[in-house]
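K.L.:
Supplied structure: target_17.txt, compact mmCIF, C-alpha atoms.
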# COMPACT_ATOMS: atom_id res chain seq x y z
CA MET S 1 0.00 0.00 0.00
CA TYR S 2 2.69 2.47 1.00
CA SER S 3 5.91 2.75 -0.96
CA GLU S 4 9.25 2.37 0.78
CA LEU S 5 9.67 6.14 0.78
CA GLU S 6 6.30 6.61 2.43
CA GLN S 7 7.03 3.98 5.06
CA THR S 8 10.34 5.66 5.87
CA LEU S 9 8.48 8.95 6.10
CA ILE S 10 5.92 7.55 8.57
CA HIS S 11 8.69 6.00 10.64
CA GLU S 12 10.85 9.14 10.74
CA LEU S 13 8.01 11.54 11.49
CA ASP S 14 6.92 9.28 14.34
CA ASP S 15 10.48 9.15 15.66
CA VAL S 16 10.93 12.93 15.48
CA ALA S 17 7.63 13.58 17.26
CA GLY S 18 8.21 10.81 19.80
CA ASN S 19 11.66 12.04 20.82
CA LEU S 20 10.64 15.65 21.30
CA VAL S 21 10.99 17.30 24.67
CA VAL S 22 7.69 19.15 24.97
CA PRO S 23 7.91 22.48 26.85
CA GLN S 24 5.40 23.56 29.47
CA PRO S 25 2.13 24.89 28.08
CA PRO S 26 1.66 28.66 28.23
CA ALA S 27 -0.25 30.23 31.12
CA LEU S 28 -3.79 30.78 29.98
CA PRO S 29 -6.55 33.05 31.28
CA SER S 30 -9.34 31.20 33.03
CA ALA S 31 -12.12 32.13 30.57
CA PRO S 32 -12.30 33.19 26.93
CA PRO S 33 -11.61 36.94 26.78
CA GLY S 34 -14.49 37.97 24.51
CA ARG S 35 -17.01 35.97 26.43
CA SER S 36 -16.03 37.29 29.87
CA ARG S 37 -16.13 40.89 28.66
CA TRP S 38 -19.67 40.35 27.38
CA GLN S 39 -20.65 38.50 30.48
CA SER S 40 -19.66 41.45 32.66
CA ALA S 41 -21.07 44.11 30.31
CA ALA S 42 -24.41 42.48 29.54
CA PRO S 43 -26.12 43.11 32.93
CA LEU S 44 -24.98 46.74 32.87
CA LEU S 45 -26.34 47.20 29.37
CA VAL S 46 -29.68 45.66 30.35
CA ALA S 47 -29.87 47.82 33.49
CA ALA S 48 -29.07 50.95 31.46
CA ALA S 49 -31.77 50.10 28.92
CA VAL S 50 -34.34 49.59 31.71
CA VAL S 51 -33.41 52.90 33.37
CA VAL S 52 -33.71 54.74 30.05
CA ALA S 53 -37.12 53.18 29.38
CA VAL S 54 -38.41 54.02 32.87
CA LEU S 55 -37.14 57.61 32.62
CA ALA S 56 -38.74 58.04 29.23
CA THR S 57 -42.09 56.79 30.60
CA VAL S 58 -41.91 59.06 33.66
CA VAL S 59 -41.04 62.13 31.58
CA THR S 60 -43.91 61.41 29.18
CA MET S 61 -46.34 61.04 32.06
CA LEU S 62 -45.13 64.28 33.72
CA LEU S 63 -45.53 66.20 30.48
CA ASP S 64 -49.06 64.86 30.12
CA VAL S 65 -49.90 65.81 33.72
CA ARG S 66 -48.58 69.36 33.24
CA ALA S 67 -50.35 69.81 29.95
CA GLU S 68 -53.72 68.72 31.38
CA PRO S 69 -54.49 71.89 33.49
CA ARG S 70 -53.50 74.12 30.58
CA ARG S 71 -55.89 72.26 28.36
CA ALA S 72 -58.57 72.48 31.02
CA ARG S 73 -57.95 76.23 31.42
CA ALA S 74 -58.11 76.72 27.71
CA GLY S 75 -61.38 74.82 27.69
CA ALA S 76 -62.86 77.12 30.42
CA GLU S 77 -62.07 80.44 28.57
CA PRO S 78 -65.32 82.59 28.58
CA HIS S 79 -65.02 83.93 25.00
CA SER S 80 -64.30 80.59 23.59
CA TYR S 81 -66.93 78.89 21.55
CA ARG S 82 -65.39 75.63 22.59
CA GLY S 83 -65.72 76.52 26.26
CA ARG S 84 -69.41 76.26 26.06
CA ARG S 85 -69.23 73.08 24.05
CA PRO S 86 -66.27 71.14 25.40
CA GLY S 87 -67.06 68.08 23.42
CA LEU S 88 -66.37 69.97 20.19
CA SER S 89 -63.20 71.76 21.23
CA ARG S 90 -60.77 69.40 19.50
CA GLY S 91 -62.75 69.25 16.32
CA ALA S 92 -63.07 73.01 16.24
CA ARG S 93 -59.31 73.47 16.63
CA GLY S 94 -58.65 70.91 13.97
CA ALA S 95 -60.98 72.72 11.59
CA GLY S 96 -59.00 75.96 11.81
CA GLY S 97 -61.21 77.75 14.33
CA GLY S 98 -58.71 77.49 17.18
CA PHE S 99 -58.42 79.78 20.16
CA GLY S 100 -55.00 81.18 19.24
CA ARG S 101 -56.04 82.19 15.78
CA SER S 102 -59.17 84.01 16.93
CA VAL S 103 -57.18 85.96 19.59
CA ARG S 104 -54.61 87.13 17.03
CA ARG S 105 -57.35 88.33 14.71
CA GLY S 106 -59.25 89.99 17.49
CA MET G 1 -1.69 10.25 17.16
CA PRO G 2 -3.37 11.10 20.45
CA THR G 3 -6.96 12.17 20.26
CA ILE G 4 -9.36 13.67 22.73
CA ALA G 5 -12.95 12.54 22.77
CA HIS G 6 -15.77 15.07 22.79
CA ALA G 7 -17.02 13.80 26.15
CA GLU G 8 -13.68 14.73 27.74
CA LEU G 9 -14.04 18.45 27.01
CA PRO G 10 -15.73 20.00 29.99
CA THR G 11 -13.47 23.05 30.15
CA PHE G 12 -10.95 24.78 27.97
CA GLU G 13 -8.21 24.37 30.59
CA GLU G 14 -8.60 20.62 30.67
CA TYR G 15 -8.63 20.41 26.90
CA ALA G 16 -5.58 22.67 26.56
CA ALA G 17 -3.58 20.73 29.14
CA ALA G 18 -4.38 17.42 27.43
CA ALA G 19 -3.92 18.68 23.88
CA TRP G 20 -0.73 20.69 24.41
CA PRO G 21 1.84 17.87 23.90
CA SER G 22 0.29 16.63 20.66
CA LEU G 23 -0.26 20.19 19.49
CA TYR G 24 3.40 20.99 20.12
CA ARG G 25 4.57 17.84 18.31
CA ARG G 26 2.50 18.67 15.27
CA ALA G 27 3.69 22.26 15.39
CA TYR G 28 7.29 21.04 15.49
CA LEU G 29 6.80 18.75 12.51
CA LEU G 30 5.26 21.64 10.58
CA SER G 31 7.74 24.34 11.51
CA GLY G 32 10.88 22.24 11.87
CA ASN G 33 12.38 23.93 14.91
CA HIS G 34 11.56 24.46 18.56
CA ALA G 35 11.24 28.26 18.57
CA ASP G 36 8.75 28.37 15.70
CA ALA G 37 6.95 25.29 17.03
CA GLU G 38 6.41 26.96 20.39
CA ASP G 39 5.15 30.15 18.72
CA LEU G 40 2.84 28.18 16.45
CA ALA G 41 1.45 26.00 19.23
CA GLN G 42 0.90 29.03 21.47
CA GLN G 43 -0.81 31.03 18.73
CA THR G 44 -3.03 28.04 18.06
CA ILE G 45 -3.95 27.56 21.70
CA ILE G 46 -4.75 31.28 22.01
CA LYS G 47 -7.01 31.09 18.95
CA VAL G 48 -8.68 27.99 20.34
CA HIS G 49 -9.18 29.85 23.61
CA GLY G 50 -10.83 32.75 21.80
CA ALA G 51 -13.12 30.44 19.85
CA TRP G 52 -13.64 27.90 22.59
CA SER G 53 -17.44 27.97 22.53
CA ARG G 54 -17.37 27.17 18.79
CA VAL G 55 -14.61 24.57 19.17
CA ASN G 56 -16.45 22.87 22.01
CA ARG G 57 -19.74 22.87 20.11
CA SER G 58 -18.25 21.55 16.87
CA ALA G 59 -18.80 17.95 15.86
CA SER G 60 -15.08 17.28 15.97
CA PRO G 61 -13.05 19.65 18.18
CA ASN G 62 -9.83 17.93 17.10
CA ALA G 63 -10.53 18.63 13.46
CA TYR G 64 -11.34 22.26 14.34
CA VAL G 65 -8.08 22.66 16.25
CA ARG G 66 -6.16 20.95 13.45
CA ARG G 67 -7.60 23.46 10.99
CA ILE G 68 -6.56 26.34 13.24
CA LEU G 69 -3.05 24.93 13.61
CA THR G 70 -2.56 24.31 9.89
CA ASN G 71 -4.01 27.63 8.82
CA THR G 72 -1.93 29.49 11.39
CA PHE G 73 1.17 27.72 10.11
CA LEU G 74 0.37 28.47 6.48
CA SER G 75 -0.58 32.09 7.09
CA THR G 76 2.46 32.89 9.23
CA LYS G 77 4.96 35.03 7.41
CA ARG G 78 8.33 33.39 7.73
CA PRO G 79 11.49 35.45 7.40
CA GLN G 80 13.91 34.61 4.63
CA ARG G 81 16.38 31.94 5.58
CA SER G 82 18.77 33.35 8.13
CA HIS G 83 22.40 33.37 7.14
CA LEU G 84 25.32 32.76 9.43
CA GLU G 85 27.80 35.49 10.13
CA LEU G 86 31.20 34.68 11.49
CA LEU G 87 32.15 37.00 14.32
CA THR G 88 35.85 37.53 14.78
CA GLY G 89 38.10 39.56 17.07
CA GLU G 90 36.76 40.97 20.31
CA ASN G 91 33.13 40.30 19.32
CA ALA G 92 33.74 36.60 18.81
CA PRO G 93 31.66 34.44 21.13
CA GLU G 94 33.15 31.90 23.49
CA PRO G 95 33.83 28.62 21.71
CA VAL G 96 31.11 26.09 22.35
CA ALA G 97 31.24 22.31 22.53
CA PRO G 98 31.31 20.64 19.10
CA HIS G 99 27.92 19.65 17.70
CA VAL G 100 27.01 16.05 18.41
CA ASP G 101 24.63 14.39 16.00
CA GLY G 102 21.21 13.70 17.50
CA PRO G 103 18.70 11.15 16.25
CA GLU G 104 17.26 13.71 13.84
CA ASP G 105 20.63 14.20 12.17
CA ARG G 106 20.82 10.52 11.29
CA MET G 107 17.44 10.55 9.57
CA VAL G 108 17.25 10.25 5.84
CA LEU G 109 14.03 12.07 4.95
CA TRP G 110 13.29 14.46 7.83
CA PRO G 111 15.92 17.07 6.82
CA HIS G 112 14.35 17.19 3.38
CA VAL G 113 10.83 17.38 4.78
CA ARG G 114 11.94 20.52 6.62
CA ASP G 115 13.11 21.98 3.31
CA LEU G 116 9.78 21.45 1.55
CA PRO G 117 7.52 24.43 0.83
CA PRO G 118 5.06 24.98 3.73
CA ARG G 119 1.99 23.63 1.97
CA GLN G 120 3.75 20.46 0.85
CA ARG G 121 5.15 20.00 4.35
CA ALA G 122 1.67 20.42 5.83
CA VAL G 123 0.26 17.76 3.50
CA ILE G 124 3.13 15.38 4.34
CA VAL G 125 2.65 15.84 8.09
CA LEU G 126 -1.12 15.46 7.88
CA ARG G 127 -0.86 12.41 5.63
CA TYR G 128 2.04 10.49 7.12
CA TYR G 129 2.12 11.61 10.76
CA GLU G 130 -1.54 12.20 11.48
CA GLN G 131 -2.51 9.48 8.98
CA LEU G 132 -5.43 11.49 7.65
CA SER G 133 -7.34 10.68 4.50
CA GLU G 134 -7.25 13.00 1.50
CA ALA G 135 -10.72 14.24 2.39
CA GLU G 136 -9.68 15.10 5.95
CA ILE G 137 -6.55 16.86 4.71
CA ALA G 138 -8.66 18.80 2.22
CA ASP G 139 -10.93 19.83 5.09
CA ALA G 140 -7.99 20.92 7.23
CA LEU G 141 -6.44 22.95 4.43
CA GLY G 142 -9.69 24.25 2.98
CA CYS G 143 -9.00 22.95 -0.51
CA SER G 144 -10.15 20.19 -2.84
CA ARG G 145 -9.08 16.54 -2.66
CA GLY G 146 -7.51 16.91 -6.07
CA ASN G 147 -5.37 19.73 -4.74
CA VAL G 148 -4.27 17.57 -1.81
CA LYS G 149 -3.43 14.70 -4.15
CA SER G 150 -1.37 16.90 -6.41
CA THR G 151 0.43 18.62 -3.51
CA ALA G 152 1.28 15.25 -1.95
CA HIS G 153 2.52 13.99 -5.31
CA HIS G 154 4.83 17.00 -5.72
CA ALA G 155 6.05 16.70 -2.15
CA LEU G 156 6.95 13.03 -2.60
CA LEU G 157 8.60 13.83 -5.91
CA ASN G 158 10.69 16.54 -4.22
CA LEU G 159 11.70 14.14 -1.46
CA ARG G 160 12.64 11.45 -3.96
CA THR G 161 14.70 13.95 -5.95
CA ALA G 162 16.41 15.15 -2.79
CA LEU G 163 17.21 11.57 -1.79
CA ASP G 164 18.57 10.79 -5.24
CA GLY G 165 20.76 13.90 -5.10
CA ARG G 166 22.03 12.84 -1.70
CA GLU G 167 22.96 9.36 -2.89
CA ASP G 168 24.83 10.67 -5.98
Written as structure tokens, that's how I'd like the structure from this file.
P.N.:
Amino acid sequence: MYSELEQTLIHELDDVAGNLVVPQPPALPSAPPGRSRWQSAAPLLVAAAVVVAVLATVVTMLLDVRAEPRRARAGAEPHSYRGRRPGLSRGARGAGGGFGRSVRRG
Amino acid sequence: MPTIAHAELPTFEEYAAAAWPSLYRRAYLLSGNHADAEDLAQQTIIKVHGAWSRVNRSASPNAYVRRILTNTFLSTKRPQRSHLELLTGENAPEPVAPHVDGPEDRMVLWPHVRDLPPRQRAVIVLRYYEQLSEAEIADALGCSRGNVKSTAHHALLNLRTALDGRED
């Protein structure tokens, strides 16, 4: 199957490898570097994302709460057509008959 | 050729400790000297460390590591052959003991294997030391079986020519 040359080759390569003095293996870190970095960063990233989401929700809610009295005050204005008919106020503004426009004209 | 079964791979450290001797031997056969073999084996083990989750998950971790070793060897830029300079005068080093032939010096083919081009050497080591099939060598080198066959043919031809030149 193998030629004489090939058999000599197998024999010599085995001899070379078998007679080697193998040095000590290098000192290795305990865990793969990329993985450990991600492992430590992942909880922080998740926590940061949660904080950002909560803050965004709180800010949105606060803005809504502050805008509510202004809307209510605008709705209670005596000269306003919408004041007497609160149910129509939004539709009236949308149709171009808003409070601001009528004041500027006035 | 020592092998490590998949079941024996719980951690990278255990794998590295068990695989190091065979990795170093293969690196030596590929590179031909201890300094380069140590560099090659260390680079390989560092790459294996970085890709451990993939290595561990692969169907054959040994084949994966073999690919890393062979590709690292083939992609390493080797300097041109160093040439000896004779230092004389005050800079001359202390005389050392005369060189005594070791087992490697009495070998017929090994010196010529070291002189083969890297790719041919890789095929020879994979074929005749690791006893891999052409398909496995093709997988390790990322080439076709035909390419492996032709590279092995040229390598054997070079060795035969070198032997003939030596006998003349």
K.L.:
So how many Å separate atom CA of G:Ile124 and atom CA of S:Gln24, to one decimal?
P.N.:
26.5 Å
K.L.:
Which polymer residues have any atom within 12 Å of an atom of S:Val21, counting only C-alpha atoms, with same-chain residues fewer than 4 positions away left out, as a list in words?
P.N.:
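So the residues in contact are Val16 and Ala17 of chain S; Pro21, Ser22, Tyr24, Arg25, Tyr28, Asn33, His34, Ala37 and Glu38 of chain G.
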K.L.:
Between atom CA of G:Arg54 and atom CA of G:Tyr128, what is the distance in Å, rounded to a tenth?
P.N.:
28.1 Å
K.L.:
With only C-alpha atoms as the counted atoms, please give the residues lying no more than 9 Å from S:Leu5, apart from itself and same-chain residues fewer than 5 positions off, as a list in words.
P.N.:
Ile10 of chain S; Leu109, Leu156, Leu159 and Arg160 of chain G
K.L.:
Quick one: residues within 12 Å of stretch 7-9 of chain S, only C-alpha atoms counted, chain neighbours fewer than 6 positions away excluded, as a PyMOL selection string?
P.N.:
(chain S and resi 1+15-16) or (chain G and resi 29+107-113+121+124-131+155-156+159-160+163)
K.L.:
Counting all atoms listed in the file, which of G:Leu40, G:Ile137, G:Ala18, G:Gly50 gets nearest to G:Ala63?
P.N.:
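Selected residue with least distance to G:Ala63: G:Ile137.
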K.L.:
Report the distance between atom CA of G:Lys149 and atom CA of G:Gln43 in Å, rounded to one decimal place.
P.N.:
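Computing the Euclidean distance for atom CA of G:Lys149 and atom CA of G:Gln43 yields 28.2 Å.
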K.L.:
Using only C-alpha atoms, find the one residue out of G:Thr151, G:Asn56, G:Asn62, G:Thr76 that sits nearest to G:Glu13.
P.N.:
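Distance minimum relative to G:Glu13 lands on G:Asn56.
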K.L.:
Can you tell me which residues surround G:Ile46 at a distance of at most 12 Å, considering all atoms listed in the file, apart from same-chain residues fewer than 3 positions away, and format the answer as a PyMOL selection string?
P.N.:
(chain S and resi 25-33) or (chain G and resi 12-13+16+20+39-43+49-52+65+68-69+72)
K.L.:
Which residue gives the smallest distance to chain G among S:Ala74, S:Ala67, S:Val22, S:Leu44, with all atoms listed in the file counted?
P.N.:
S:Val22
K.L.:
Which is closest to chain S among G:Val123, G:Tyr15, G:Arg26, G:Pro61, if we use all atoms listed in the file?
P.N.:
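Ranked by minimum distance to chain S, first place goes to G:Arg26.
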